[in-house]
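A.B. asks: I have a structure here, written as structure tokens, and I will follow up with some questions on it.
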Amino acid sequence: MLTRIPKGTKDVLPAESGRLQAVEAVMREKARLAGYQEIRTPVFEHTELFARSAGETSDVVRKEMYTFLDKGDRSITLKPESTAGVVRAFIESGLYAQALPLKVYYLSAPHFRYEAPQAGRLREHHQFGMECFGAPEASADAELIQTAMDVLTSLGLKGVALRINSIGCPDCRPAYQQKLRDYLHTKTDVLCKDCVERTETNPLRVLDCKNPECQKELRDAPRMLDDLCDSCREHFEALKRFLDAAEIPYAVDPSIVRGLDYYTKTVFELTTDTPTGTLTACGGGRYDKLVEQIGGPSIPAVGFGMGIERVLMLLDQLSPEDQKLNVPSSAPDVFVASLNRVLAVNAFELMLAFRHAGLKADMDHAARSLKAQFKYADKLGAAYVAILGDDEVQKGVVKLRDMRTKEEIEVSLASAPETLNSRIPKHGKEA
RNA sequence: GUGGGUAUAGUUCAGUGGUAGAGCGCCAGAUUGUGGCUCUGGAAGUCGUGGGUUCGAGCCCCACUACUCACCCCA
């Protein structure tokens with residue numbers, strides 16, 4: 001138990017962290033280009049916030065939250081999603097009083113859901129997400145979708161599919177829900193047990209059922225899209241025009257309803273096919289009533305969340321050449337090897353001199369044989385090894401060995417950093 | 001919550017009742033001041049846990065635990 005990672009969590013090991021950073025860099029840059037600024041909110045919030053936003057009947061709130069009482073008897077919950085916390089901060093800090101729309105993003109924010117882990121599903125996962133406040137127009141929805149899509153395709157992912165739907169608003173949804181419920185009541189004997197139950201609690205959710213039998217029966221079910229009010233219909237039509245303008249193909253999928261209750265109008269998902277099935281990498285939508293519902297002014301908003309582990313998982317299915325990642329190199333430009341322990345101090349000084357010159361420099365910290373130091377330097381991928389022996393130190397020089405060409409030159413200790421700097425390709429120094 | 005699969009060295013895995021193994025990795029030597037390749041040697045295992053069958057169990061049986069995959073839902 002002691003050396004066992006908790007179920008549903010993952011370590012990011014040194015071998016993978018570079019890739020992760022590269023993915024994050026793309027997300028950050030795309031958000032920046034779209035005018036979004038970073039926001040960071042706490043890992044935990046008051047439980048009530050999630051209950052009020054995601055909805056008391058949602059799966060997330062009902063059975064998946066990490067909730068506990070802190071020492072002050074406050075009910076605290078590790079965030080299962082980020083929108084609620086961002087909305088809370090938006091209201092609490094009075095950001096609505098500033099210029100709107102306000103555009104924010106969060107990156108690698110940890111999220112917690114207590115559920116059975118499996119491929120692409122963790123108890124702690126991380127999300128990149130973007131939220132836009134005070135923008136009622138569909139161009140904002142389209143901008144978010146386009147940015148999310150851009151992130152995925154920029155990373156080299158192919159076949160990312162966009163599915164969109166509108167689930168209406170408080171003006172038109174209740175009437176539709178009743179209509180749908182009436183229809184479902186005529187199918188009670190053929191629908192699965194879950195669906196019969198959902199007919200009463202959350203009829204929209206029935207549309208989402210994966211049971212083929214249910215899907216068959218739902219073919220002729222009334223569609224929210226046919227019963228949208230003028231405002232919602234116009235918004236949806238406008239969204240399609242903006243997506244067309246961005247040349248983003250999409251499929252209208254009436255079965256997308258989303259698991260969180262706060263959505264209005266636009267909902268969407270970005271999915272990719274995997275050998276084991278379709279994986280949703282990104283999901284989001286509009287939430288025009290949420291800010292008000294949590295106690296803020298009436299301000300419309302729209303946003304999405306993207307699962308970082310899922311993105312990495314999809315990238316793993318690509319060949320290394322197809323992954324468009326700029327992974328920073330950790331290989332040293334130079335490894336300082338020394339013949340004995342006494343010389344380690346000279347080696348230390350030389351290593352620092354290299355670093356001052358902006359070179360990635362490392363040295364032996366294990367008092368190993370020269371041969372072992374070379375072996376280690378090779379494993380690290382060092383471009384050069386600087387060799388310090390008694391002779392060299394006495395003469396005030398150092399040998400620089402090019403590990404690739406095996407060419408060795410002897411230069412003065414003082415000029416070594418400059419010499420190497422001129423020989424190391426620039427990109428090698430930046431990472 | 002329901003149903004599959006797996007559990008042996010750091011790691012990936014072989015081992016169908018009779019001495020605990022291999023590849024990779026790690027350390028060292030061959031080469032006493034020089035890496036990758038090669039060769040040689042070395043360290044490293046409560047065979048998930050507990051019970052049972054047997055002269056004898058890593059292997060067969062039972063239970064438990066952990067992990068994992070799938071369903072549901074989601075990122």
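If you're wondering about the labels, chains in the structure tokens are A, B, ... by order shown, residues count from 1 in each chain, ligands from 1 in order shown.
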For chain B, which residues have at least one atom within 8 Å of chain A, if we go by only C-alpha atoms (C1' of nucleotides)? Write them as a compact mmCIF listing (two decimals) with all heavy atoms, in the first residue's frame, please.
C.D. replies:
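To be explicit, this is the file written out as part10.txt:
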```
# COMPACT_ATOMS: atom_id res chain seq x y z
P G B 33 44.22 5.39 -15.73
OP1 G B 33 45.60 5.38 -16.23
OP2 G B 33 43.83 6.13 -14.53
O5' G B 33 43.27 5.89 -16.92
C5' G B 33 41.85 5.73 -16.85
C4' G B 33 41.29 6.56 -17.97
O4' G B 33 41.61 7.96 -17.74
C3' G B 33 41.88 6.17 -19.32
O3' G B 33 40.86 6.11 -20.28
C2' G B 33 42.83 7.32 -19.65
O2' G B 33 42.90 7.61 -21.00
C1' G B 33 42.22 8.50 -18.90
N9 G B 33 43.21 9.47 -18.48
C8 G B 33 44.39 9.25 -17.83
N7 G B 33 45.06 10.34 -17.63
C5 G B 33 44.28 11.35 -18.18
C6 G B 33 44.49 12.75 -18.27
O6 G B 33 45.44 13.39 -17.86
N1 G B 33 43.44 13.38 -18.92
C2 G B 33 42.32 12.76 -19.41
N2 G B 33 41.43 13.54 -19.99
N3 G B 33 42.10 11.46 -19.34
C4 G B 33 43.12 10.82 -18.72
P U B 34 40.29 4.68 -20.60
OP1 U B 34 40.01 4.05 -19.31
OP2 U B 34 41.16 4.02 -21.61
O5' U B 34 38.91 5.03 -21.30
C5' U B 34 37.75 5.37 -20.51
C4' U B 34 36.71 5.95 -21.44
O4' U B 34 36.93 7.38 -21.58
C3' U B 34 36.79 5.35 -22.83
O3' U B 34 35.49 5.20 -23.35
C2' U B 34 37.55 6.42 -23.63
O2' U B 34 37.21 6.42 -24.98
C1' U B 34 37.11 7.70 -22.94
N1 U B 34 38.10 8.78 -23.00
C2 U B 34 37.88 9.81 -23.89
O2 U B 34 36.92 9.83 -24.63
N3 U B 34 38.83 10.79 -23.91
C4 U B 34 39.94 10.85 -23.11
O4 U B 34 40.70 11.81 -23.21
C5 U B 34 40.11 9.76 -22.20
C6 U B 34 39.19 8.77 -22.17
P G B 35 34.95 3.70 -23.51
OP1 G B 35 35.15 2.88 -22.31
OP2 G B 35 35.44 3.22 -24.82
O5' G B 35 33.41 4.04 -23.65
C5' G B 35 32.62 4.19 -22.47
C4' G B 35 31.25 4.64 -22.86
O4' G B 35 31.30 6.02 -23.27
C3' G B 35 30.68 3.90 -24.06
O3' G B 35 30.05 2.73 -23.63
C2' G B 35 29.68 4.91 -24.59
O2' G B 35 28.49 4.92 -23.83
C1' G B 35 30.41 6.23 -24.34
N9 G B 35 31.18 6.74 -25.47
C8 G B 35 32.48 6.45 -25.78
N7 G B 35 32.92 7.11 -26.82
C5 G B 35 31.84 7.88 -27.22
C6 G B 35 31.70 8.79 -28.28
O6 G B 35 32.55 9.13 -29.11
N1 G B 35 30.41 9.33 -28.35
C2 G B 35 29.41 9.02 -27.47
N2 G B 35 28.26 9.64 -27.69
N3 G B 35 29.52 8.18 -26.47
C4 G B 35 30.74 7.66 -26.40
P G B 36 29.94 1.48 -24.57
OP1 G B 36 29.60 0.33 -23.74
OP2 G B 36 31.13 1.45 -25.44
O5' G B 36 28.69 1.83 -25.47
C5' G B 36 27.41 2.12 -24.92
C4' G B 36 26.52 2.51 -26.06
O4' G B 36 27.06 3.72 -26.64
C3' G B 36 26.46 1.46 -27.14
O3' G B 36 25.14 1.21 -27.55
C2' G B 36 27.31 2.03 -28.28
O2' G B 36 26.80 1.72 -29.54
C1' G B 36 27.24 3.54 -28.02
N9 G B 36 28.46 4.18 -28.47
C8 G B 36 29.75 3.74 -28.33
N7 G B 36 30.62 4.53 -28.88
C5 G B 36 29.85 5.55 -29.42
C6 G B 36 30.24 6.68 -30.16
O6 G B 36 31.38 7.04 -30.48
N1 G B 36 29.15 7.47 -30.52
C2 G B 36 27.85 7.17 -30.21
N2 G B 36 26.93 8.02 -30.64
N3 G B 36 27.46 6.11 -29.53
C4 G B 36 28.51 5.34 -29.17
P U B 68 -5.80 0.35 -12.48
OP1 U B 68 -5.04 1.50 -12.99
OP2 U B 68 -7.03 0.56 -11.69
O5' U B 68 -6.16 -0.63 -13.69
C5' U B 68 -5.18 -0.98 -14.65
C4' U B 68 -5.71 -2.04 -15.57
O4' U B 68 -6.11 -3.20 -14.78
C3' U B 68 -6.97 -1.68 -16.33
O3' U B 68 -6.68 -0.93 -17.50
C2' U B 68 -7.56 -3.04 -16.66
O2' U B 68 -6.88 -3.65 -17.73
C1' U B 68 -7.23 -3.83 -15.38
N1 U B 68 -8.35 -3.83 -14.42
C2 U B 68 -9.35 -4.76 -14.63
O2 U B 68 -9.35 -5.52 -15.58
N3 U B 68 -10.37 -4.75 -13.72
C4 U B 68 -10.47 -3.93 -12.60
O4 U B 68 -11.44 -4.04 -11.86
C5 U B 68 -9.39 -3.00 -12.45
C6 U B 68 -8.39 -2.98 -13.34
P C B 69 -7.69 0.18 -17.99
OP1 C B 69 -6.94 1.05 -18.93
OP2 C B 69 -8.40 0.75 -16.84
O5' C B 69 -8.74 -0.69 -18.82
C5' C B 69 -8.33 -1.37 -20.00
C4' C B 69 -9.39 -2.37 -20.42
O4' C B 69 -9.59 -3.34 -19.37
C3' C B 69 -10.79 -1.80 -20.64
O3' C B 69 -10.92 -1.17 -21.89
C2' C B 69 -11.64 -3.06 -20.52
O2' C B 69 -11.56 -3.84 -21.69
C1' C B 69 -10.93 -3.80 -19.39
N1 C B 69 -11.56 -3.55 -18.07
C2 C B 69 -12.66 -4.34 -17.71
O2 C B 69 -13.06 -5.19 -18.52
N3 C B 69 -13.24 -4.15 -16.51
C4 C B 69 -12.78 -3.22 -15.68
N4 C B 69 -13.39 -3.07 -14.51
C5 C B 69 -11.67 -2.40 -16.03
C6 C B 69 -11.08 -2.59 -17.22
P C B 73 -25.57 6.32 -20.63
OP1 C B 73 -26.89 6.92 -20.87
OP2 C B 73 -24.75 5.82 -21.74
O5' C B 73 -24.68 7.38 -19.83
C5' C B 73 -25.27 8.13 -18.76
C4' C B 73 -24.18 8.67 -17.88
O4' C B 73 -23.26 7.61 -17.53
C3' C B 73 -23.28 9.73 -18.50
O3' C B 73 -23.87 11.02 -18.49
C2' C B 73 -22.06 9.65 -17.60
O2' C B 73 -22.31 10.27 -16.37
C1' C B 73 -21.96 8.14 -17.37
N1 C B 73 -21.04 7.51 -18.35
C2 C B 73 -19.69 7.45 -18.03
O2 C B 73 -19.32 7.91 -16.94
N3 C B 73 -18.82 6.88 -18.90
C4 C B 73 -19.27 6.39 -20.06
N4 C B 73 -18.37 5.85 -20.88
C5 C B 73 -20.64 6.45 -20.43
C6 C B 73 -21.50 7.01 -19.56
P C B 74 -23.47 12.11 -19.57
OP1 C B 74 -24.05 13.37 -19.11
OP2 C B 74 -23.78 11.59 -20.91
O5' C B 74 -21.90 12.17 -19.43
C5' C B 74 -21.26 13.38 -19.07
C4' C B 74 -19.97 13.08 -18.37
O4' C B 74 -19.73 11.66 -18.42
C3' C B 74 -18.73 13.70 -19.01
O3' C B 74 -18.52 15.01 -18.52
C2' C B 74 -17.63 12.75 -18.55
O2' C B 74 -17.23 13.03 -17.23
C1' C B 74 -18.34 11.40 -18.58
N1 C B 74 -18.15 10.64 -19.83
C2 C B 74 -16.86 10.14 -20.11
O2 C B 74 -15.95 10.36 -19.31
N3 C B 74 -16.68 9.42 -21.24
C4 C B 74 -17.69 9.21 -22.07
N4 C B 74 -17.45 8.50 -23.17
C5 C B 74 -18.99 9.72 -21.82
C6 C B 74 -19.18 10.42 -20.70
P A B 75 -18.02 16.17 -19.55
OP1 A B 75 -18.31 17.47 -18.98
OP2 A B 75 -18.57 15.83 -20.84
O5' A B 75 -16.44 15.98 -19.65
C5' A B 75 -15.71 17.04 -20.20
C4' A B 75 -14.39 16.48 -20.73
O4' A B 75 -13.58 16.04 -19.62
C3' A B 75 -14.65 15.27 -21.61
O3' A B 75 -14.45 15.60 -22.95
C2' A B 75 -13.71 14.19 -21.11
O2' A B 75 -12.74 13.90 -22.06
C1' A B 75 -13.05 14.77 -19.85
N9 A B 75 -13.35 13.89 -18.72
C8 A B 75 -14.51 13.79 -18.03
N7 A B 75 -14.47 12.92 -17.06
C5 A B 75 -13.19 12.41 -17.11
C6 A B 75 -12.51 11.44 -16.36
N6 A B 75 -13.08 10.80 -15.34
N1 A B 75 -11.23 11.18 -16.67
C2 A B 75 -10.67 11.83 -17.71
N3 A B 75 -11.21 12.76 -18.49
C4 A B 75 -12.48 13.01 -18.14
```
A.B. asks: Determine, for each residue of stretch 36-55 of chain B having at least one atom at most 9 Å from an atom of stretch 7-26 of chain B, the closest pair of atoms and their separation in Å to one decimal, counting only C-alpha atoms (C1' of nucleotides); order by chain and ascending number, as a tab-separated table.
C.D. replies:
```
residue	atom	partner	partner_atom	distance
B:A43	C1'	B:C26	C1'	8.6
B:A44	C1'	B:A9	C1'	6.0
B:G45	C1'	B:A9	C1'	5.3
B:C47	C1'	B:U8	C1'	4.1
B:G48	C1'	B:A7	C1'	5.9
B:U54	C1'	B:G17	C1'	8.7
```
A.B. asks: Kindly save the residues from that selection, with N, CA, C and O atoms (P, O5', C5', C4', C3', O3' and C1' of nucleotides) included, as a JSON list (two decimals), in the first residue's frame.
C.D. replies:
```
[["chain", "number", "residue", "atom", "x", "y", "z"],
["B", 43, "A", "P", 25.05, -12.48, -7.20],
["B", 43, "A", "O5'", 24.31, -11.13, -6.82],
["B", 43, "A", "C5'", 24.87, -10.23, -5.87],
["B", 43, "A", "C4'", 24.11, -8.94, -5.88],
["B", 43, "A", "C3'", 22.60, -9.08, -5.72],
["B", 43, "A", "O3'", 22.22, -9.18, -4.35],
["B", 43, "A", "C1'", 23.05, -7.66, -7.54],
["B", 44, "A", "P", 21.19, -10.27, -3.90],
["B", 44, "A", "O5'", 19.85, -9.72, -4.56],
["B", 44, "A", "C5'", 19.32, -8.46, -4.13],
["B", 44, "A", "C4'", 18.33, -7.97, -5.13],
["B", 44, "A", "C3'", 17.12, -8.88, -5.36],
["B", 44, "A", "O3'", 16.13, -8.65, -4.38],
["B", 44, "A", "C1'", 17.99, -8.14, -7.43],
["B", 45, "G", "P", 15.62, -9.78, -3.42],
["B", 45, "G", "O5'", 14.10, -9.85, -3.84],
["B", 45, "G", "C5'", 13.72, -9.97, -5.16],
["B", 45, "G", "C4'", 12.34, -10.53, -5.29],
["B", 45, "G", "C3'", 11.83, -11.37, -4.11],
["B", 45, "G", "O3'", 10.65, -10.77, -3.55],
["B", 45, "G", "C1'", 11.89, -12.66, -6.15],
["B", 47, "C", "P", 7.16, -16.43, -2.99],
["B", 47, "C", "O5'", 7.00, -15.34, -4.16],
["B", 47, "C", "C5'", 5.78, -14.74, -4.43],
["B", 47, "C", "C4'", 5.45, -14.82, -5.90],
["B", 47, "C", "C3'", 4.13, -15.50, -6.20],
["B", 47, "C", "O3'", 3.43, -14.74, -7.17],
["B", 47, "C", "C1'", 5.85, -16.52, -7.47],
["B", 48, "G", "P", 1.86, -14.63, -7.13],
["B", 48, "G", "O5'", 1.45, -13.45, -6.13],
["B", 48, "G", "C5'", 2.34, -12.39, -5.82],
["B", 48, "G", "C4'", 1.62, -11.47, -4.87],
["B", 48, "G", "C3'", 1.06, -12.16, -3.64],
["B", 48, "G", "O3'", 2.01, -12.23, -2.60],
["B", 48, "G", "C1'", -0.64, -10.88, -4.67],
["B", 54, "U", "P", -4.81, -35.25, 0.21],
["B", 54, "U", "O5'", -3.49, -35.27, -0.69],
["B", 54, "U", "C5'", -3.50, -35.89, -1.97],
["B", 54, "U", "C4'", -2.21, -35.60, -2.68],
["B", 54, "U", "C3'", -0.95, -35.92, -1.88],
["B", 54, "U", "O3'", -0.62, -37.30, -1.91],
["B", 54, "U", "C1'", -0.74, -33.80, -2.92]]
```
A.B. asks: What is the distance between atom CA of A:Ala97 and atom CA of A:Leu33, in Å to one decimal?
C.D. replies: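 Straight-line distance from atom CA of A:Ala97 to atom CA of A:Leu33 works out to 23.9 Å.
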A.B. asks: Based on DSSP run over this structure's backbone, return all residues of stretch 142-213 of chain A in alpha helix (DSSP H), as JSON, numbers by chain.
C.D. replies: {"A": [142, 143, 144, 145, 146, 147, 148, 149, 150, 151, 152, 153, 154, 173, 174, 175, 176, 177, 178, 179, 180, 181, 182, 183, 184, 185, 193, 194, 195, 196, 197, 198, 199, 200, 201, 212, 213]}
A.B. asks: I'd like to know which residues of stretch 172-297 of chain A are strand (DSSP E) (by DSSP, run on the backbone); could you write them as a list in words?
C.D. replies: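 So, restricting stretch 172-297 of chain A to strand (DSSP E), we get Ala251, Val252, Thr264, Lys265, Thr266, Val267, Phe268, Glu269, Leu270, Thr271, Thr272, Asp273, Thr274, Gly277, Thr278, Leu279, Thr280, Ala281, Cys282, Gly283, Gly284, Gly285 and Arg286 of chain A.
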A.B. asks: Could the residues in this selection be written to a file with N, CA, C and O atoms, as a tab-separated table (two decimals), in the first residue's frame?
C.D. replies:
```tsv
chain	number	residue	atom	x	y	z
A	251	ALA	N	-21.70	17.67	-37.24
A	251	ALA	CA	-22.90	16.86	-37.38
A	251	ALA	C	-23.86	17.30	-36.29
A	251	ALA	O	-23.45	17.47	-35.13
A	252	VAL	N	-25.10	17.53	-36.66
A	252	VAL	CA	-26.11	17.85	-35.66
A	252	VAL	C	-26.56	16.53	-35.06
A	252	VAL	O	-26.99	15.62	-35.76
A	264	THR	N	-27.58	25.54	-21.57
A	264	THR	CA	-28.70	26.08	-22.33
A	264	THR	C	-28.23	26.22	-23.77
A	264	THR	O	-27.05	26.38	-24.03
A	265	LYS	N	-29.18	26.16	-24.67
A	265	LYS	CA	-28.86	26.33	-26.10
A	265	LYS	C	-27.75	25.36	-26.55
A	265	LYS	O	-27.91	24.16	-26.49
A	266	THR	N	-26.61	25.92	-26.92
A	266	THR	CA	-25.56	25.11	-27.54
A	266	THR	C	-24.94	24.07	-26.60
A	266	THR	O	-24.54	24.40	-25.48
A	267	VAL	N	-24.87	22.83	-27.05
A	267	VAL	CA	-24.00	21.84	-26.42
A	267	VAL	C	-23.20	21.18	-27.53
A	267	VAL	O	-23.69	21.04	-28.65
A	268	PHE	N	-21.97	20.78	-27.22
A	268	PHE	CA	-21.16	20.16	-28.27
A	268	PHE	C	-20.13	19.21	-27.70
A	268	PHE	O	-19.79	19.28	-26.51
A	269	GLU	N	-19.64	18.31	-28.53
A	269	GLU	CA	-18.59	17.39	-28.15
A	269	GLU	C	-17.62	17.22	-29.30
A	269	GLU	O	-18.03	17.23	-30.47
A	270	LEU	N	-16.36	17.06	-28.97
A	270	LEU	CA	-15.36	16.72	-29.97
A	270	LEU	C	-14.92	15.29	-29.68
A	270	LEU	O	-14.46	14.99	-28.58
A	271	THR	N	-15.08	14.42	-30.64
A	271	THR	CA	-14.78	13.01	-30.42
A	271	THR	C	-13.80	12.50	-31.46
A	271	THR	O	-13.65	13.06	-32.54
A	272	THR	N	-13.13	11.43	-31.09
A	272	THR	CA	-12.20	10.77	-32.00
A	272	THR	C	-12.38	9.27	-31.86
A	272	THR	O	-12.60	8.77	-30.76
A	273	ASP	N	-12.27	8.58	-32.98
A	273	ASP	CA	-12.39	7.13	-32.93
A	273	ASP	C	-11.10	6.51	-32.43
A	273	ASP	O	-10.01	6.94	-32.79
A	274	THR	N	-11.23	5.51	-31.58
A	274	THR	CA	-10.08	4.76	-31.10
A	274	THR	C	-10.37	3.29	-31.38
A	274	THR	O	-11.50	2.94	-31.68
A	277	GLY	N	-13.25	2.24	-29.35
A	277	GLY	CA	-14.51	2.97	-29.40
A	277	GLY	C	-14.30	4.46	-29.59
A	277	GLY	O	-13.19	4.89	-29.89
A	278	THR	N	-15.35	5.20	-29.42
A	278	THR	CA	-15.27	6.63	-29.62
A	278	THR	C	-14.96	7.32	-28.30
A	278	THR	O	-15.60	7.06	-27.29
A	279	LEU	N	-13.97	8.18	-28.32
A	279	LEU	CA	-13.56	8.87	-27.10
A	279	LEU	C	-13.88	10.36	-27.22
A	279	LEU	O	-13.53	10.99	-28.19
A	280	THR	N	-14.56	10.88	-26.20
A	280	THR	CA	-14.83	12.31	-26.15
A	280	THR	C	-13.64	13.01	-25.52
A	280	THR	O	-13.32	12.79	-24.37
A	281	ALA	N	-12.99	13.85	-26.31
A	281	ALA	CA	-11.82	14.54	-25.80
A	281	ALA	C	-12.21	15.89	-25.21
A	281	ALA	O	-11.52	16.43	-24.36
A	282	CYS	N	-13.34	16.40	-25.67
A	282	CYS	CA	-13.71	17.75	-25.29
A	282	CYS	C	-15.21	17.89	-25.32
A	282	CYS	O	-15.87	17.34	-26.22
A	283	GLY	N	-15.76	18.57	-24.33
A	283	GLY	CA	-17.19	18.79	-24.31
A	283	GLY	C	-17.52	20.12	-23.68
A	283	GLY	O	-16.78	20.62	-22.83
A	284	GLY	N	-18.59	20.72	-24.12
A	284	GLY	CA	-18.94	22.01	-23.54
A	284	GLY	C	-20.27	22.51	-24.04
A	284	GLY	O	-21.03	21.78	-24.68
A	285	GLY	N	-20.51	23.78	-23.77
A	285	GLY	CA	-21.75	24.36	-24.21
A	285	GLY	C	-22.00	25.70	-23.55
A	285	GLY	O	-21.15	26.24	-22.84
A	286	ARG	N	-23.19	26.19	-23.80
A	286	ARG	CA	-23.58	27.51	-23.31
A	286	ARG	C	-24.32	27.36	-21.99
A	286	ARG	O	-25.03	26.37	-21.78
```
A.B. asks: List the spatial neighbours of A:Glu38 as a VMD selection string - criterion: any atom at most 7 Å away, only C-alpha atoms (C1' of nucleotides), same-chain residues fewer than 4 positions off excluded.
C.D. replies: chain A and resid 104 to 106
A.B. asks: Which one of A:Tyr96, A:Gly396, A:Thr405, A:Ala34 sits closest to A:Ala140 if you count only C-alpha atoms?
C.D. replies: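 Result for the nearest residue to A:Ala140: A:Ala34.
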A.B. asks: Excluding stretch 40-42 of chain B and any residue of its chain fewer than 2 positions from it, enumerate the residues within 8 Å of it, using only C-alpha atoms (C1' of nucleotides), and give them as a PyMOL selection string.
C.D. replies: chain B and resi 27-30
